[in-house]
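**Student:** Hey, dropping structure-v6.csv in here, CSV, C-alpha atoms:
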chain,number,residue,atom,x,y,z
A,91,MET,CA,0.0,0.0,0.0
A,92,TYR,CA,1.2,3.5,-0.8
A,93,VAL,CA,0.1,6.6,0.9
A,94,LEU,CA,-1.8,9.0,-1.4
A,95,GLY,CA,0.5,11.8,-2.5
A,96,SER,CA,3.7,10.0,-1.6
A,97,ASP,CA,6.6,9.6,-4.1
A,98,GLU,CA,5.9,5.9,-4.2
A,99,TRP,CA,2.2,6.4,-4.9
A,100,LEU,CA,2.9,8.8,-7.7
A,101,ARG,CA,5.5,6.5,-9.3
A,102,ALA,CA,3.0,3.7,-9.2
A,103,LEU,CA,0.4,5.9,-10.8
A,104,LYS,CA,2.8,6.9,-13.6
A,105,GLU,CA,3.5,3.2,-14.2
A,106,ALA,CA,-0.2,2.5,-14.3
A,107,VAL,CA,-0.9,5.3,-16.7
A,108,ASN,CA,2.0,4.2,-19.0
A,109,SER,CA,0.7,0.6,-18.9
A,110,SER,CA,-2.9,1.5,-19.7
A,111,GLN,CA,-3.9,1.0,-23.3
A,112,ALA,CA,-7.3,2.4,-22.5
A,113,TYR,CA,-5.7,5.6,-21.2
A,114,ALA,CA,-3.4,5.8,-24.2
A,115,ASP,CA,-6.4,5.6,-26.6
A,116,ALA,CA,-8.6,8.0,-24.6
A,117,ALA,CA,-5.9,10.6,-24.2
A,118,LYS,CA,-4.0,10.2,-27.5
A,119,THR,CA,-4.5,13.9,-28.4
A,120,TRP,CA,-4.2,15.3,-24.8
A,121,GLU,CA,-1.5,17.9,-24.2
A,122,GLY,CA,-1.3,19.4,-20.8
A,123,ASP,CA,0.4,19.1,-17.4
A,124,PHE,CA,-1.2,19.2,-14.0
A,125,TYR,CA,-0.7,19.9,-10.4
A,126,PHE,CA,-3.0,17.7,-8.4
A,127,ILE,CA,-3.0,19.1,-5.0
A,128,ILE,CA,-4.2,17.6,-1.7
A,129,GLU,CA,-5.1,20.5,0.5
A,130,SER,CA,-3.9,20.7,4.0
A,131,GLY,CA,-6.4,19.7,6.7
A,132,GLY,CA,-7.3,16.9,8.9
A,133,ALA,CA,-4.5,14.3,8.9
A,134,VAL,CA,-2.7,16.1,6.0
A,135,GLU,CA,-0.5,18.6,7.7
A,136,GLU,CA,0.8,20.5,4.7
A,137,GLU,CA,-0.6,20.6,1.2
A,138,ILE,CA,0.8,17.9,-1.1
A,139,VAL,CA,1.6,19.0,-4.7
A,140,MET,CA,1.8,16.2,-7.3
A,141,TYR,CA,3.0,17.2,-10.7
A,142,MET,CA,2.1,15.1,-13.8
A,143,ASP,CA,3.0,15.9,-17.4
A,144,LEU,CA,0.4,14.1,-19.5
A,145,TRP,CA,1.1,14.1,-23.2
A,146,HIS,CA,-0.5,12.1,-26.0
A,147,GLY,CA,-1.7,9.2,-23.8
A,148,LYS,CA,1.5,8.9,-21.7
A,149,CYS,CA,2.8,10.3,-18.5
A,150,ARG,CA,6.1,11.9,-19.4
A,151,ASP,CA,7.0,13.0,-15.9
A,152,ALA,CA,5.6,12.8,-12.4
A,153,PHE,CA,6.9,13.9,-9.1
A,154,VAL,CA,5.9,15.3,-5.8
A,155,ALA,CA,6.9,18.9,-5.7
A,156,SER,CA,8.2,20.7,-2.6
A,157,ASP,CA,5.9,23.6,-3.4
A,158,ARG,CA,3.8,25.1,-6.2
A,159,SER,CA,6.8,27.1,-7.6
A,160,ALA,CA,8.5,24.0,-9.1
A,161,LYS,CA,6.5,24.2,-12.3
A,162,ASP,CA,3.9,26.3,-14.0
A,163,PRO,CA,1.4,23.7,-15.2
A,164,ALA,CA,-1.5,24.4,-17.5
A,165,PHE,CA,-3.9,23.0,-15.0
A,166,VAL,CA,-4.1,23.0,-11.2
A,167,ILE,CA,-6.7,20.9,-9.4
A,168,ASN,CA,-6.9,21.0,-5.7
A,169,ALA,CA,-9.2,19.4,-3.2
A,170,PRO,CA,-9.2,18.0,0.3
A,171,GLU,CA,-8.1,14.4,0.6
A,172,SER,CA,-11.8,13.4,1.3
A,173,ALA,CA,-12.7,14.6,-2.2
A,174,TRP,CA,-9.8,12.8,-3.8
A,175,ARG,CA,-10.8,9.7,-2.0
A,176,LYS,CA,-14.3,9.9,-3.4
A,177,VAL,CA,-12.8,10.3,-6.9
A,178,ILE,CA,-10.4,7.3,-6.6
A,179,GLY,CA,-13.2,5.3,-5.0
A,180,LYS,CA,-15.5,6.2,-7.9
A,181,GLN,CA,-18.0,7.8,-5.6
A,182,LEU,CA,-17.5,11.1,-7.3
A,183,ASP,CA,-17.2,11.4,-11.1
A,184,PRO,CA,-14.3,13.7,-11.8
A,185,ILE,CA,-16.2,16.0,-14.2
A,186,GLN,CA,-19.1,16.3,-11.8
A,187,GLY,CA,-16.6,17.1,-9.1
A,188,LEU,CA,-15.3,19.9,-11.2
A,189,LEU,CA,-18.8,21.1,-12.2
A,190,THR,CA,-19.8,21.3,-8.6
A,191,ARG,CA,-16.5,22.7,-7.5
A,192,GLN,CA,-15.8,19.9,-5.1
A,193,LEU,CA,-12.5,19.8,-7.1
A,194,LYS,CA,-11.3,23.3,-7.7
A,195,LEU,CA,-9.7,24.0,-11.1
A,196,GLN,CA,-7.4,26.6,-12.4
A,197,GLY,CA,-7.2,26.3,-16.2
A,198,ASP,CA,-9.4,25.9,-19.1
A,199,MET,CA,-12.5,24.0,-17.8
A,200,ILE,CA,-13.8,23.3,-21.3
A,201,LYS,CA,-10.5,21.6,-22.4
A,202,ILE,CA,-10.9,19.2,-19.4
A,203,MET,CA,-14.6,18.6,-20.2
A,204,LYS,CA,-13.7,17.7,-23.8
A,205,ALA,CA,-11.3,15.1,-22.5
A,206,VAL,CA,-13.9,13.4,-20.3
A,207,LYS,CA,-12.9,9.9,-21.5
A,208,ALA,CA,-9.2,10.6,-20.7
A,209,ALA,CA,-10.2,11.9,-17.2
A,210,LYS,CA,-12.2,8.7,-16.5
A,211,GLU,CA,-9.4,6.5,-17.7
A,212,LEU,CA,-6.9,8.4,-15.5
A,213,VAL,CA,-9.2,7.7,-12.5
A,214,GLU,CA,-9.3,4.1,-13.6
A,215,CYS,CA,-5.4,4.1,-13.4
A,216,THR,CA,-5.6,5.5,-9.8
A,217,THR,CA,-7.7,2.5,-8.8
A,218,MET,CA,-4.8,0.2,-9.9
A,219,VAL,CA,-2.6,1.8,-7.2
A,220,PRO,CA,-3.1,0.2,-3.8
A,221,THR,CA,-3.8,3.4,-1.8
A,222,GLU,CA,-3.7,4.2,1.8
A,223,TYR,CA,-5.0,7.5,3.1
A,224,HIS,CA,-3.6,9.8,5.7
A,225,ASP,CA,-6.4,9.3,8.1
A,226,GLU,CA,-6.1,5.6,8.1
B,49,MET,CA,-45.6,24.8,-20.4
B,50,GLU,CA,-43.7,24.1,-23.6
B,51,ARG,CA,-40.3,22.3,-23.9
B,52,PHE,CA,-37.4,23.5,-25.8
B,53,ILE,CA,-33.9,22.1,-26.7
B,54,VAL,CA,-31.2,24.8,-26.8
B,55,ILE,CA,-27.9,24.0,-28.5
B,56,HIS,CA,-24.9,26.1,-27.5
B,57,ALA,CA,-21.5,26.2,-29.2
B,58,VAL,CA,-18.8,25.6,-26.6
B,59,GLY,CA,-15.5,27.2,-27.3
B,60,SER,CA,-12.5,27.2,-25.0
B,61,ASP,CA,-10.8,29.3,-22.3
B,62,ILE,CA,-13.7,29.2,-20.0
B,63,SER,CA,-12.9,28.9,-16.3
B,64,GLN,CA,-14.5,26.7,-13.7
B,65,ASP,CA,-16.0,29.7,-12.0
B,66,GLU,CA,-17.6,30.9,-15.2
B,67,VAL,CA,-19.1,27.5,-15.9
B,68,TRP,CA,-20.4,27.2,-12.4
B,69,GLN,CA,-21.8,30.7,-12.4
B,70,GLY,CA,-23.6,30.1,-15.7
B,71,PHE,CA,-25.3,26.9,-14.5
B,72,HIS,CA,-26.1,28.5,-11.2
B,73,ALA,CA,-27.7,31.5,-12.8
B,74,ALA,CA,-29.7,29.3,-15.2
B,75,ALA,CA,-30.8,27.2,-12.2
B,76,THR,CA,-31.7,30.2,-9.9
B,77,ARG,CA,-32.3,33.3,-12.0
B,78,ALA,CA,-34.3,32.3,-15.1
B,79,VAL,CA,-37.1,34.7,-15.9
B,80,LYS,CA,-40.5,34.9,-17.4
B,81,GLY,CA,-41.5,31.4,-16.5
B,82,ALA,CA,-38.5,29.7,-18.0
B,83,LYS,CA,-36.9,26.8,-16.1
B,84,TRP,CA,-33.6,25.2,-17.0
B,85,LEU,CA,-34.0,21.4,-16.4
B,86,ARG,CA,-30.7,19.8,-17.4
B,87,SER,CA,-27.8,19.9,-19.8
B,88,TYR,CA,-25.6,17.4,-21.7
B,89,PHE,CA,-22.2,18.3,-22.9
B,90,LEU,CA,-21.2,16.6,-26.1
B,91,PRO,CA,-17.4,16.5,-26.1
B,92,ASP,CA,-17.1,15.1,-29.6
B,93,ARG,CA,-19.2,18.0,-31.0
B,94,GLU,CA,-18.2,20.8,-28.7
B,95,GLU,CA,-21.8,21.5,-28.0
B,96,LEU,CA,-24.0,21.9,-24.9
B,97,ILE,CA,-27.5,20.6,-25.2
B,98,CYS,CA,-29.9,22.2,-22.7
B,99,ASP,CA,-33.4,21.1,-21.9
B,100,TRP,CA,-35.7,24.0,-20.9
B,101,GLU,CA,-39.3,24.4,-19.9
B,102,ALA,CA,-40.7,27.8,-20.9
B,103,PRO,CA,-43.7,29.6,-22.2
B,104,ASP,CA,-41.8,30.6,-25.3
B,105,GLU,CA,-38.3,30.9,-26.9
B,106,ALA,CA,-38.0,34.5,-25.9
B,107,ALA,CA,-38.1,33.7,-22.2
B,108,ILE,CA,-35.2,31.3,-22.7
B,109,ARG,CA,-33.1,33.8,-24.7
B,110,GLU,CA,-33.6,36.4,-22.0
B,111,SER,CA,-32.7,33.9,-19.2
B,112,VAL,CA,-29.6,32.8,-21.1
B,113,ALA,CA,-28.6,36.4,-21.6
B,114,LEU,CA,-29.1,37.2,-17.9
B,115,ALA,CA,-26.9,34.2,-17.0
B,116,ASP,CA,-24.2,35.8,-19.3
B,117,ALA,CA,-24.1,32.4,-21.0
B,118,ASP,CA,-24.7,33.8,-24.5
B,119,ARG,CA,-21.3,35.5,-24.3
B,120,LEU,CA,-19.4,32.4,-23.3
B,121,ILE,CA,-21.4,29.7,-25.1
B,122,PRO,CA,-23.5,31.3,-27.8
B,123,ILE,CA,-26.8,29.8,-28.8
B,124,LYS,CA,-26.6,28.0,-32.1
B,125,GLU,CA,-30.2,26.8,-32.3
B,126,ILE,CA,-33.4,26.6,-30.3
B,127,TYR,CA,-35.9,23.8,-31.1
B,128,TYR,CA,-39.4,23.4,-29.9
B,129,ALA,CA,-39.5,19.9,-28.6
B,130,VAL,CA,-41.9,17.1,-27.6
B,131,TYR,CA,-40.4,14.8,-25.0
B,132,ALA,CA,-40.9,11.3,-23.7
B,133,GLU,CA,-39.5,9.7,-20.6
B,134,ARG,CA,-39.2,6.4,-18.9
B,135,GLU,CA,-42.0,7.0,-16.5
B,136,PHE,CA,-44.5,7.2,-19.3
B,137,PHE,CA,-44.0,3.6,-20.2
B,138,THR,CA,-43.4,1.9,-16.8
Show the structure stored in the file as C-alpha cells.

**Tutor:**
Amino acid sequence: MYVLGSDEWLRALKEAVNSSQAYADAAKTWEGDFYFIIESGGAVEEEIVMYMDLWHGKCRDAFVASDRSAKDPAFVINAPESAWRKVIGKQLDPIQGLLTRQLKLQGDMIKIMKAVKAAKELVECTTMVPTEYHDE
Amino acid sequence: MERFIVIHAVGSDISQDEVWQGFHAAATRAVKGAKWLRSYFLPDREELICDWEAPDEAAIRESVALADADRLIPIKEIYYAVYAEREFFT
C-alpha cells in the first residue's frame, strides 16, 4: 500500500498510466500538465503537490513537488483528501466534481470537459494503485 | 408549459467559476417562467444541449442572456420539442 500523494504512490500511478492501453487511446490527443494538490487539513499537515506531465496518452514526468513554484502547469486541481478519496473510490465522477467545485480547477475547464474519456481512464489508473489515506 | 432544446456552441478558455456561475444563474435566475432542467455536454461535437421548460423561446433567450451564458457559449439553435421519458412507459 502507498500513501496517497507520496513519491511511491505517484511513481506507481505513472507506471499504471503508461501501462494502460485504455488511457493511451482515450488521451491520445491530450497535451497538458497538471498539479494535483491535496489540500492541508485533517491528517494532511501540509498541502501535497503532485506534478504530472500528461502528453498524447502517456505520462512523461511525475513527481511530488516541494511547493507550487516548481512548475507552471496548464492545470491545477486542488481538493481535500476526502474529495480525492471519493474520486479514486469512484463515488465522485471527476467531471461532476469539477462542475460542482468539489474539485477546484485553475485552467481551461472546457478543455478538461472535452477530455472526459481521458479523465475517466486516468481515474481508472488510480484504482490500480493500492492506496492508503492519511487518516487511516 | 412548452419544452425546448437549446444548442450552444462551446469554445475554450472558460474557467471553472464561469461554468459554475452560468449553470447556477440558469438554475436560480431564469425569468418569465423559463426553467432550466438539465444539460448534456457533447465533447465530440463541442456543444452543450440544454433542456428547458418555458412559455416561449424569448423567455429562454432572456434567461440565457441574464446568465451571461450567451457571451461564453453562444446559442446556435433553439428547437421546440416534444419529450418522452421512462415514467410514461413503466

**Student:** At a cut-off of 12 Å, using only C-alpha atoms, what residues contact region 149-164 of chain A? Leave out same-chain residues fewer than 5 positions from it and give the result as a ChimeraX atom specification.

**Tutor:** /A:94-110,113-114,117-118,120-128,136-144,195-199,201-202,212,215 /B:61

**Student:** Could you check the closest approach to Arg77 (chain B) for each of B:Ile126, B:Cys98, B:Val112, B:Ile62 and tell me which residue wins, using only C-alpha atoms?

**Tutor:**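 Using only C-alpha atoms, Arg77 (chain B) sits closest to B:Val112.
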
**Student:** Residues of chain A within 12 Å of chain B, using only C-alpha atoms, as a ChimeraX atom specification?

**Tutor:** /A:164-167,185-208

**Student:** Would you mind reading off the distance between CA of Met49 (chain B) and CA of Lys83 (chain B), one decimal, in Å?

**Tutor:**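 We find that CA of Met49 (chain B) and CA of Lys83 (chain B) lie 9.9 Å from each other.
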
**Student:** Please list as JSON, numbers by chain every residue within 9 Å of Ala133 (chain A), counting all atoms listed in the file and excluding residues in the same chain fewer than 2 positions away.

**Tutor:** {"A": [130, 131, 135, 223, 224, 225, 226]}

**Student:** Would you kindly return, as a PyMOL selection string, each protein, DNA or RNA residue with an atom no farther than 9 Å from any atom of Pro220 (chain A), considering only C-alpha atoms and excluding same-chain residues fewer than 3 positions away?

**Tutor:** chain A and resi 91-93+99+102+216-217

**Student:** Find, counting only C-alpha atoms, the residue in B:Val79, B:Ser87, B:Glu50, B:Lys124 that gets nearest to Asp99 (chain B).

**Tutor:** B:Ser87

**Student:** With all atoms listed in the file as the counted atoms, please give the residues lying no more than 12 Å from Ile53 (chain B), apart from itself and same-chain residues fewer than 6 positions off, as a list in words.

**Tutor:**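 Result of the neighbour search: Lys83, Trp84, Leu85, Arg86, Ser87, Tyr88, Leu96, Ile97, Cys98, Asp99, Trp100, Glu101, Ala102, Asp104, Glu105, Ile108, Arg109, Ile123, Lys124, Glu125, Ile126, Tyr127, Tyr128, Ala129, Val130 and Tyr131 of chain B.
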
**Student:** Those selected residues, please, written with C-alpha atoms and delivered as a JSON list (two decimals), in the coordinates of the input.

**Tutor:**
[["chain", "number", "residue", "atom", "x", "y", "z"],
["B", 83, "LYS", "CA", -36.90, 26.80, -16.10],
["B", 84, "TRP", "CA", -33.60, 25.20, -17.00],
["B", 85, "LEU", "CA", -34.00, 21.40, -16.40],
["B", 86, "ARG", "CA", -30.70, 19.80, -17.40],
["B", 87, "SER", "CA", -27.80, 19.90, -19.80],
["B", 88, "TYR", "CA", -25.60, 17.40, -21.70],
["B", 96, "LEU", "CA", -24.00, 21.90, -24.90],
["B", 97, "ILE", "CA", -27.50, 20.60, -25.20],
["B", 98, "CYS", "CA", -29.90, 22.20, -22.70],
["B", 99, "ASP", "CA", -33.40, 21.10, -21.90],
["B", 100, "TRP", "CA", -35.70, 24.00, -20.90],
["B", 101, "GLU", "CA", -39.30, 24.40, -19.90],
["B", 102, "ALA", "CA", -40.70, 27.80, -20.90],
["B", 104, "ASP", "CA", -41.80, 30.60, -25.30],
["B", 105, "GLU", "CA", -38.30, 30.90, -26.90],
["B", 108, "ILE", "CA", -35.20, 31.30, -22.70],
["B", 109, "ARG", "CA", -33.10, 33.80, -24.70],
["B", 123, "ILE", "CA", -26.80, 29.80, -28.80],
["B", 124, "LYS", "CA", -26.60, 28.00, -32.10],
["B", 125, "GLU", "CA", -30.20, 26.80, -32.30],
["B", 126, "ILE", "CA", -33.40, 26.60, -30.30],
["B", 127, "TYR", "CA", -35.90, 23.80, -31.10],
["B", 128, "TYR", "CA", -39.40, 23.40, -29.90],
["B", 129, "ALA", "CA", -39.50, 19.90, -28.60],
["B", 130, "VAL", "CA", -41.90, 17.10, -27.60],
["B", 131, "TYR", "CA", -40.40, 14.80, -25.00]]

**Student:** If you measure from CA of Ile121 (chain B) to CA of Thr119 (chain A), what distance in Å do you get, rounded to one decimal?

**Tutor:** 23.4 Å

**Student:** If you measure from CA of Val134 (chain A) to CA of Val219 (chain A), what distance in Å do you get, rounded to one decimal?

**Tutor:** 19.5 Å

**Student:** Any chance you could build region 132-149 of chain A out to N, CA and C atoms and write it as a PDB file, in the coordinates of the input?

**Tutor:**
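part-v8.pdb, written as the output of this step:
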ATOM      1  N   GLY A 132      -7.106  18.189   8.361  1.00  0.00           N
ATOM      2  CA  GLY A 132      -7.300  16.900   8.900  1.00  0.00           C
ATOM      3  C   GLY A 132      -5.883  16.232   9.163  1.00  0.00           C
ATOM      4  N   ALA A 133      -5.718  15.014   8.668  1.00  0.00           N
ATOM      5  CA  ALA A 133      -4.500  14.300   8.900  1.00  0.00           C
ATOM      6  C   ALA A 133      -3.379  14.763   7.876  1.00  0.00           C
ATOM      7  N   VAL A 134      -3.735  15.590   6.913  1.00  0.00           N
ATOM      8  CA  VAL A 134      -2.700  16.100   6.000  1.00  0.00           C
ATOM      9  C   VAL A 134      -2.234  17.445   6.520  1.00  0.00           C
ATOM     10  N   GLU A 135      -0.997  17.429   7.013  1.00  0.00           N
ATOM     11  CA  GLU A 135      -0.500  18.600   7.700  1.00  0.00           C
ATOM     12  C   GLU A 135      -0.149  19.755   6.801  1.00  0.00           C
ATOM     13  N   GLU A 136       0.472  19.434   5.656  1.00  0.00           N
ATOM     14  CA  GLU A 136       0.800  20.500   4.700  1.00  0.00           C
ATOM     15  C   GLU A 136       0.292  20.014   3.315  1.00  0.00           C
ATOM     16  N   GLU A 137      -0.053  20.977   2.476  1.00  0.00           N
ATOM     17  CA  GLU A 137      -0.600  20.600   1.200  1.00  0.00           C
ATOM     18  C   GLU A 137       0.459  19.738   0.415  1.00  0.00           C
ATOM     19  N   ILE A 138      -0.055  18.799  -0.355  1.00  0.00           N
ATOM     20  CA  ILE A 138       0.800  17.900  -1.100  1.00  0.00           C
ATOM     21  C   ILE A 138       0.590  18.243  -2.606  1.00  0.00           C
ATOM     22  N   VAL A 139       1.699  18.529  -3.291  1.00  0.00           N
ATOM     23  CA  VAL A 139       1.600  19.000  -4.700  1.00  0.00           C
ATOM     24  C   VAL A 139       2.207  17.904  -5.575  1.00  0.00           C
ATOM     25  N   MET A 140       1.341  17.299  -6.355  1.00  0.00           N
ATOM     26  CA  MET A 140       1.800  16.200  -7.300  1.00  0.00           C
ATOM     27  C   MET A 140       1.774  16.793  -8.693  1.00  0.00           C
ATOM     28  N   TYR A 141       2.913  16.698  -9.347  1.00  0.00           N
ATOM     29  CA  TYR A 141       3.000  17.200 -10.700  1.00  0.00           C
ATOM     30  C   TYR A 141       2.935  15.981 -11.676  1.00  0.00           C
ATOM     31  N   MET A 142       2.124  16.133 -12.715  1.00  0.00           N
ATOM     32  CA  MET A 142       2.100  15.100 -13.800  1.00  0.00           C
ATOM     33  C   MET A 142       2.050  15.801 -15.124  1.00  0.00           C
ATOM     34  N   ASP A 143       2.955  15.362 -15.977  1.00  0.00           N
ATOM     35  CA  ASP A 143       3.000  15.900 -17.400  1.00  0.00           C
ATOM     36  C   ASP A 143       2.378  14.793 -18.241  1.00  0.00           C
ATOM     37  N   LEU A 144       1.182  15.052 -18.691  1.00  0.00           N
ATOM     38  CA  LEU A 144       0.400  14.100 -19.500  1.00  0.00           C
ATOM     39  C   LEU A 144       0.448  14.548 -20.945  1.00  0.00           C
ATOM     40  N   TRP A 145       0.882  13.670 -21.815  1.00  0.00           N
ATOM     41  CA  TRP A 145       1.100  14.100 -23.200  1.00  0.00           C
ATOM     42  C   TRP A 145       0.827  12.907 -24.135  1.00  0.00           C
ATOM     43  N   HIS A 146      -0.157  13.086 -24.967  1.00  0.00           N
ATOM     44  CA  HIS A 146      -0.500  12.100 -26.000  1.00  0.00           C
ATOM     45  C   HIS A 146      -0.622  10.687 -25.445  1.00  0.00           C
ATOM     46  N   GLY A 147      -1.353  10.561 -24.371  1.00  0.00           N
ATOM     47  CA  GLY A 147      -1.700   9.200 -23.800  1.00  0.00           C
ATOM     48  C   GLY A 147      -0.630   8.633 -22.936  1.00  0.00           C
ATOM     49  N   LYS A 148       0.403   9.384 -22.642  1.00  0.00           N
ATOM     50  CA  LYS A 148       1.500   8.900 -21.700  1.00  0.00           C
ATOM     51  C   LYS A 148       1.731   9.912 -20.648  1.00  0.00           C
ATOM     52  N   CYS A 149       2.328   9.442 -19.581  1.00  0.00           N
ATOM     53  CA  CYS A 149       2.800  10.300 -18.500  1.00  0.00           C
ATOM     54  C   CYS A 149       4.303  10.491 -18.709  1.00  0.00           C
TER      55      CYS A 149
END
